[in-house]
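J.: Dropping in data-v8.tsv, which is TSV, C-alpha atoms:
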chain	number	residue	atom	x	y	z
A	816	MET	CA	98.39	85.47	109.56
A	817	LYS	CA	98.53	89.15	110.46
A	818	LYS	CA	99.39	90.09	106.88
A	819	SER	CA	96.38	88.11	105.65
A	820	ILE	CA	94.12	89.98	108.06
A	821	LEU	CA	95.43	93.33	106.83
A	822	ILE	CA	94.89	92.40	103.19
A	823	ALA	CA	91.37	91.10	103.92
A	824	SER	CA	90.52	94.33	105.74
A	825	PHE	CA	91.75	96.33	102.76
A	826	LEU	CA	89.55	94.37	100.34
A	827	VAL	CA	86.49	94.70	102.59
A	828	LEU	CA	86.94	98.45	102.85
A	829	PHE	CA	87.34	98.70	99.10
A	830	GLY	CA	84.07	96.83	98.58
A	831	MET	CA	82.22	98.97	101.12
A	832	GLY	CA	83.47	102.11	99.40
A	833	ALA	CA	82.35	100.85	96.00
A	834	MET	CA	78.80	100.46	97.32
A	835	ALA	CA	78.87	103.76	99.20
A	836	GLN	CA	80.22	105.99	96.43
A	837	THR	CA	78.09	108.80	95.10
A	838	ASP	CA	78.77	110.91	92.02
A	839	ASP	CA	82.46	111.08	92.88
A	840	ALA	CA	84.73	108.41	91.48
A	841	ILE	CA	86.91	106.00	93.39
A	842	SER	CA	90.58	106.63	92.62
A	843	ILE	CA	93.62	104.40	92.97
A	844	GLY	CA	97.12	105.75	93.07
A	845	VAL	CA	100.58	106.04	94.53
A	846	LYS	CA	102.10	108.44	97.03
A	847	GLY	CA	105.60	109.45	98.02
A	848	GLY	CA	107.36	111.94	100.19
A	849	VAL	CA	109.52	112.45	103.24
A	850	ILE	CA	109.13	111.89	106.97
A	851	LEU	CA	110.93	113.78	109.72
A	852	PRO	CA	111.17	111.06	112.40
A	853	ARG	CA	112.04	111.31	116.08
A	854	MET	CA	111.38	109.44	119.31
A	855	MET	CA	109.32	110.47	122.30
A	856	TYR	CA	110.64	109.13	125.61
A	857	LEU	CA	107.76	109.20	128.08
A	858	ASN	CA	108.64	109.50	131.78
A	859	ASN	CA	112.35	109.78	130.97
A	860	THR	CA	113.10	113.47	131.22
A	861	TYR	CA	116.84	113.06	130.71
A	862	VAL	CA	116.64	111.35	127.32
A	863	SER	CA	113.70	113.50	126.28
A	864	SER	CA	115.87	116.57	126.88
A	865	LEU	CA	118.62	115.38	124.52
A	866	PRO	CA	118.53	117.22	121.16
A	867	GLN	CA	117.42	115.06	118.25
A	868	ALA	CA	118.85	115.96	114.86
A	869	LEU	CA	116.54	116.83	111.99
A	870	GLN	CA	116.33	113.89	109.56
A	871	PHE	CA	114.62	113.36	106.22
A	872	LYS	CA	113.62	109.75	105.55
A	873	PRO	CA	111.67	108.33	102.59
A	874	THR	CA	108.07	107.18	102.72
A	875	GLY	CA	105.63	106.03	100.05
A	876	GLY	CA	102.84	103.64	99.23
A	877	VAL	CA	99.61	102.88	97.40
A	878	PHE	CA	96.10	104.05	98.22
A	879	VAL	CA	92.43	103.84	97.28
A	880	ASP	CA	90.48	107.11	97.59
A	881	ILE	CA	86.83	106.23	98.29
A	882	PRO	CA	84.37	109.16	98.45
A	883	LEU	CA	81.49	108.68	100.90
A	884	GLY	CA	79.79	111.84	99.72
A	885	SER	CA	80.80	115.32	98.61
A	886	ILE	CA	82.61	116.08	101.87
A	887	VAL	CA	83.92	112.84	103.43
A	888	ALA	CA	86.24	110.21	101.96
A	889	VAL	CA	87.99	107.14	103.37
A	890	VAL	CA	91.45	106.42	101.99
A	891	PRO	CA	92.87	103.00	102.99
A	892	GLU	CA	96.52	102.67	102.09
A	893	PHE	CA	99.67	100.58	102.50
A	894	ASP	CA	102.87	102.53	103.18
A	895	TYR	CA	106.57	102.00	103.58
A	896	VAL	CA	107.98	104.30	106.27
A	897	GLN	CA	111.22	104.74	108.20
A	898	ARG	CA	111.21	105.62	111.89
A	899	GLY	CA	113.98	106.34	114.35
A	900	THR	CA	116.09	109.01	115.96
A	901	ASP	CA	119.51	110.65	115.71
A	902	ILE	CA	121.07	111.93	118.95
A	903	THR	CA	124.48	113.39	119.77
A	904	TYR	CA	125.35	113.84	123.43
A	905	GLU	CA	128.26	114.05	125.85
A	906	HIS	CA	128.89	110.98	127.95
A	907	ILE	CA	129.76	111.28	131.64
A	908	SER	CA	133.35	110.41	130.70
A	909	GLY	CA	133.55	113.50	128.49
A	910	MET	CA	133.46	111.69	125.14
A	911	GLN	CA	131.04	112.76	122.40
A	912	VAL	CA	128.59	110.02	121.44
A	913	HIS	CA	126.51	109.84	118.26
A	914	TYR	CA	123.56	107.42	118.38
A	915	ASN	CA	121.44	106.68	115.32
A	916	LEU	CA	118.39	104.39	115.20
A	917	ALA	CA	116.77	103.71	111.80
A	918	VAL	CA	113.91	101.22	111.51
A	919	SER	CA	111.72	100.52	108.47
A	920	PHE	CA	108.07	99.46	108.62
A	921	VAL	CA	105.19	98.56	106.36
A	922	ASP	CA	101.97	100.20	107.59
A	923	PHE	CA	98.28	99.78	106.90
A	924	ARG	CA	96.58	103.15	107.39
A	925	LEU	CA	92.95	104.14	107.46
A	926	PRO	CA	92.54	107.92	107.08
A	927	LEU	CA	89.26	109.80	107.01
A	928	GLU	CA	89.28	113.00	104.97
A	929	PHE	CA	86.92	115.93	105.52
A	930	ARG	CA	87.19	118.23	102.55
A	931	ILE	CA	85.82	121.61	101.50
A	932	PRO	CA	84.83	121.26	97.80
A	933	ILE	CA	85.41	124.85	96.73
A	934	LYS	CA	86.22	123.87	93.14
A	935	PRO	CA	87.15	120.52	91.56
A	936	TYR	CA	90.72	121.80	91.29
A	937	LEU	CA	90.78	123.28	94.82
A	938	GLN	CA	89.59	121.13	97.72
A	939	PRO	CA	91.31	121.77	101.06
A	940	TYR	CA	90.84	118.95	103.56
A	941	ALA	CA	91.62	117.79	107.08
A	942	THR	CA	92.54	114.18	107.75
A	943	LEU	CA	92.78	111.92	110.78
A	944	GLY	CA	93.10	108.20	111.21
A	945	ALA	CA	94.80	105.16	112.69
A	946	GLU	CA	97.73	103.06	111.53
A	947	ALA	CA	99.16	99.64	112.30
A	948	GLY	CA	102.43	98.28	111.02
A	949	MET	CA	105.06	95.56	111.11
A	950	ARG	CA	108.81	96.05	111.41
A	951	LEU	CA	110.86	95.09	108.37
A	952	GLY	CA	114.37	95.76	109.62
A	953	GLY	CA	116.85	98.46	110.46
A	954	THR	CA	120.14	99.37	112.11
A	955	ILE	CA	121.45	100.87	115.33
A	956	HIS	CA	124.72	102.73	114.91
A	957	MET	CA	126.85	104.42	117.52
A	958	ASP	CA	130.21	106.10	117.20
A	959	ARG	CA	132.37	107.81	119.82
A	960	THR	CA	135.21	110.30	119.78
A	961	ASP	CA	137.38	107.83	121.72
A	962	PRO	CA	138.07	104.99	121.37
A	963	ALA	CA	136.95	104.66	117.77
A	964	SER	CA	137.42	100.90	117.97
A	965	LEU	CA	134.24	100.73	120.04
A	966	ASP	CA	132.10	102.16	117.22
A	967	THR	CA	129.26	99.72	116.65
A	968	THR	CA	126.55	98.95	114.09
A	969	ILE	CA	124.03	96.18	114.71
A	970	TYR	CA	120.86	95.08	112.96
A	971	VAL	CA	117.50	95.77	114.55
A	972	GLY	CA	115.65	92.67	115.70
A	973	ASP	CA	113.21	91.37	118.28
A	974	ALA	CA	115.79	91.93	121.02
A	975	ASN	CA	116.14	95.68	120.58
A	976	PHE	CA	113.01	97.09	118.96
A	977	GLY	CA	109.31	96.21	119.05
A	978	LYS	CA	108.04	94.16	116.12
A	979	PHE	CA	104.66	95.88	115.74
A	980	HIS	CA	103.56	99.49	115.51
A	981	ALA	CA	100.24	101.16	116.24
A	982	GLY	CA	99.51	104.85	116.20
A	983	ALA	CA	97.29	107.75	115.19
A	984	PHE	CA	97.77	110.73	112.91
A	985	ALA	CA	96.15	113.99	111.83
A	986	GLY	CA	96.95	116.66	109.29
A	987	LEU	CA	95.94	119.03	106.53
A	988	GLY	CA	96.09	118.87	102.77
A	989	VAL	CA	94.70	120.03	99.46
A	990	ARG	CA	93.37	117.87	96.63
A	991	SER	CA	92.76	118.75	93.00
A	992	LEU	CA	90.91	117.04	90.17
A	993	VAL	CA	92.64	117.99	86.95
A	994	THR	CA	92.92	116.85	83.34
A	995	ILE	CA	96.44	116.36	82.00
A	996	GLY	CA	96.94	115.27	78.41
A	997	GLY	CA	93.29	114.21	78.14
A	998	CYS	CA	93.57	112.02	81.27
A	999	ASP	CA	91.66	112.81	84.46
A	1000	MET	CA	93.89	112.74	87.53
A	1001	LEU	CA	93.65	113.27	91.28
A	1002	LEU	CA	96.51	115.20	92.87
A	1003	LYS	CA	96.94	115.55	96.64
A	1004	LEU	CA	99.49	117.33	98.79
A	1005	SER	CA	99.39	116.67	102.53
A	1006	ALA	CA	101.28	117.21	105.78
A	1007	THR	CA	100.47	114.92	108.73
A	1008	TYR	CA	101.71	114.43	112.28
A	1009	HIS	CA	102.08	110.80	113.44
A	1010	GLN	CA	102.24	109.56	117.03
A	1011	GLY	CA	103.04	105.97	117.98
A	1012	LEU	CA	101.05	104.40	120.81
A	1013	LEU	CA	102.96	101.12	121.33
A	1014	ASP	CA	106.13	101.05	123.43
A	1015	THR	CA	109.09	99.99	121.27
A	1016	TYR	CA	111.25	98.87	124.19
A	1017	THR	CA	111.47	95.07	124.31
A	1018	ARG	CA	111.69	92.65	127.23
A	1019	PRO	CA	115.36	91.78	126.49
A	1020	GLU	CA	116.19	95.48	126.62
A	1021	ARG	CA	114.46	95.95	129.96
A	1022	GLU	CA	116.01	92.78	131.37
A	1023	GLU	CA	119.41	93.93	130.04
A	1024	THR	CA	119.94	90.71	128.08
A	1025	ALA	CA	120.03	92.53	124.73
A	1026	MET	CA	123.24	93.98	123.33
A	1027	ALA	CA	123.62	97.47	124.81
A	1028	VAL	CA	124.47	100.13	122.24
A	1029	ASN	CA	124.03	103.28	124.28
A	1030	VAL	CA	127.09	103.57	126.56
A	1031	ASN	CA	124.79	103.79	129.57
A	1032	ALA	CA	123.29	106.96	128.16
A	1033	TYR	CA	120.04	106.21	129.94
A	1034	ASN	CA	118.21	103.67	132.01
A	1035	LEU	CA	115.26	101.97	130.34
A	1036	THR	CA	112.52	103.77	132.19
A	1037	GLY	CA	109.27	104.98	130.74
A	1038	ARG	CA	108.30	104.27	127.14
A	1039	ARG	CA	109.90	104.90	123.75
A	1040	LEU	CA	107.32	105.98	121.18
A	1041	PRO	CA	107.94	106.89	117.53
A	1042	GLN	CA	106.81	110.24	116.19
A	1043	GLY	CA	107.09	111.99	112.87
A	1044	ILE	CA	105.89	114.64	110.45
A	1045	GLU	CA	105.18	113.44	106.91
A	1046	VAL	CA	104.87	115.52	103.75
A	1047	CYS	CA	103.54	113.55	100.78
A	1048	LEU	CA	102.41	114.03	97.20
A	1049	SER	CA	99.76	111.59	95.94
A	1050	ILE	CA	98.75	110.91	92.34
A	1051	GLY	CA	95.60	108.94	91.57
A	1052	ILE	CA	93.53	107.89	88.57
A	1053	PRO	CA	89.70	107.91	88.87
A	1054	LEU	CA	88.07	104.56	88.06
A	1055	LYS	CA	85.17	106.23	86.30
A	1056	ALA	CA	84.97	106.72	82.55
A	1057	ARG	CA	84.63	110.29	81.39
A	1058	GLU	CA	81.08	111.07	80.32
A	1059	ASP	CA	80.54	111.55	76.60
A	1060	ASP	CA	78.49	114.76	76.68
A	1061	ALA	CA	77.63	116.81	73.61
A	1062	CYS	CA	79.78	119.79	74.56
A	1063	ARG	CA	82.86	117.65	75.16
A	1064	THR	CA	82.50	115.66	71.94
A	1065	PHE	CA	81.81	118.80	69.94
A	1066	SER	CA	85.03	120.32	71.24
A	1067	HIS	CA	86.89	117.23	70.06
A	1068	ASP	CA	85.61	117.61	66.43
A	1069	ARG	CA	83.15	114.77	66.49
A	1070	TYR	CA	80.84	116.99	64.47
A	1071	ARG	CA	82.63	118.78	61.67
A	1072	ARG	CA	81.69	121.14	58.89
A	1073	ARG	CA	81.36	119.76	55.36
A	1074	GLY	CA	83.24	122.04	53.04
A	1075	ASN	CA	82.61	125.76	53.58
A	1076	GLY	CA	78.89	125.41	54.13
A	1077	ARG	CA	76.86	125.39	57.30
A	1078	GLN	CA	76.00	121.71	57.16
A	1079	PHE	CA	77.34	119.40	59.85
A	1080	PHE	CA	77.88	115.65	59.77
A	1081	GLY	CA	79.01	113.13	62.37
A	1082	PHE	CA	80.81	109.80	62.32
For the file at hand, write its structure as structure tokens.

T.:
Amino acid sequence: MKKSILIASFLVLFGMGAMAQTDDAISIGVKGGVILPRMMYLNNTYVSSLPQALQFKPTGGVFVDIPLGSIVAVVPEFDYVQRGTDITYEHISGMQVHYNLAVSFVDFRLPLEFRIPIKPYLQPYATLGAEAGMRLGGTIHMDRTDPASLDTTIYVGDANFGKFHAGAFAGLGVRSLVTIGGCDMLLKLSATYHQGLLDTYTRPEREETAMAVNVNAYNLTGRRLPQGIEVCLSIGIPLKAREDDACRTFSHDRYRRRGNGRQFFGF
């Protein structure tokens, strides 16, 4: 049901954009890049103080770029993204503990872009928007220096991570309208910061009925919110036929000289 609502919202937004477009063309395309995920532990100063390792996780999706004028565009998209954290800490017993949480999601995102159209090939922009997603799966892995027999890997489920995600994001980017091999293309490079707004702790975790994979590293106080910085490259194709103007067709030899004279003919 929720997936149907997301798809219906996407189609409605596409239709609204088609009616609202001006001289700029709607573009469809794909995007891909990396996300540097981490977790924010609100009201839990101990866990928040633990160093989180730098990670690079994949992200990518499809989008529709819908201009609402020369400055503003709305860009609904569906994305695959991985969230989580990677923490190494020393347990009270003296053992070193490595804890890794990796969860994959499919997101529906609705960014607004505010661009500065300096040139068709140079359009810096700022973006902000909201996102909502559904958990696909993932793993929780923990290993210890001793005893190694207690090393554990379990699959993420409803008992140990929230099923839905909601958040907001903002960032900067640059877009460029170029022609490559006679084909018009839209290229975009962006960097965005994402902040989750829904607590990912579940009731079984708080009631301590879920499988514990943290060696009592912390008590479940506060909220666990996903964060991340994404860097993505997007490639789109405008859904607007190139205009057949006289200068363009002349440059493609539509009108050619007959012999060595000054007479022209067309075909």

J.: Would you mind listing what lies within 6 Å of segment 956-961 of chain A as a list of chain:residue names, with only C-alpha atoms counted and same-chain residues fewer than 2 positions away left out?

T.: A:Met910, A:Gln911, A:Val912, A:His913, A:Tyr914, A:Asn915, A:Ala963, A:Asp966, A:Thr967, A:Thr968

J.: At what distance in Å, to one decimal, does atom CA of His1009 of chain A lie from atom CA of Ser863 of chain A?

T.: 17.5 Å

J.: Atom CA of Met949 of chain A and atom CA of Leu987 of chain A are how many Å apart?

T.: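 It comes out at 25.6 Å.
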
J.: Neighbours of segment 978-983 of chain A within 8 Å (all atoms listed in the file; same-chain residues fewer than 4 positions away dropped), as a list of chain:residue names?

T.: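 Counting only the stated atoms, we get A:Leu943, A:Gly944, A:Ala945, A:Glu946, A:Ala947, A:Gly948, A:Met949, A:Arg950, A:Gly972, A:Asp973, A:His1009, A:Gln1010, A:Gly1011, A:Leu1012, A:Leu1013, A:Thr1015.
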
J.: Using Å and a single decimal, report how far atom CA of Leu992 of chain A sits from atom CA of Gln938 of chain A.

T.: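 Going from atom CA of Gln938 of chain A over to atom CA of Leu992 of chain A covers 8.7 Å.
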
J.: Residues near segment 843-845 of chain A, anyone? I mean within 10 Å using only C-alpha atoms, not counting same-chain ones fewer than 3 positions away, as a list in words.

T.: Ala840, Gly875, Gly876, Val877, Phe878, Val879, Asp880, Ile881, Val890, Glu892, Phe893, Asp894, Met1000, Leu1001, Leu1002, Leu1048, Ser1049, Ile1050, Gly1051, Ile1052, Pro1053 and Leu1054 of chain A

J.: Contacts of Val918 of chain A at 6 Å or less, counting all atoms listed in the file, minus same-chain residues fewer than 3 places along, as number ranges by chain?

T.: A: 897-899, 952-953

J.: Of the candidates A:Arg924, A:Lys872, A:Arg990, A:His906, which shows the shortest atom-to-atom distance to Pro939 of chain A, using all atoms listed in the file?

T.: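 With all atoms listed in the file as the atom set, the closest residue is A:Arg990.
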
J.: Need to verify the contact set: Arg1018 of chain A, 9 Å, only C-alpha atoms, exclusion of same-chain residues closer than 5 positions in sequence. Can you return it as a compact mmCIF listing (two decimals) with C-alpha atoms, in the frame of the given file?

T.:
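That gives us part03.txt:
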# COMPACT_ATOMS: atom_id res chain seq x y z
CA ALA A 974 115.79 91.93 121.02
CA ASN A 975 116.14 95.68 120.58
CA GLU A 1023 119.41 93.93 130.04
CA THR A 1024 119.94 90.71 128.08
CA ALA A 1025 120.03 92.53 124.73

J.: Kindly indicate which residue among A:Ile902, A:Ile1044, A:Arg1039, A:Ala941 lies nearest to Asn859 of chain A, using only C-alpha atoms for the distances.

T.: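 When distances to Asn859 of chain A are compared using only C-alpha atoms, the smallest one comes from A:Arg1039.
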
J.: Mind listing as a ChimeraX atom specification all residues within 10 Å of (123.8, 113.4, 128.7), counting all atoms listed in the file?

T.: /A:861-862,864-866,903-907,909,911-912,1031-1033
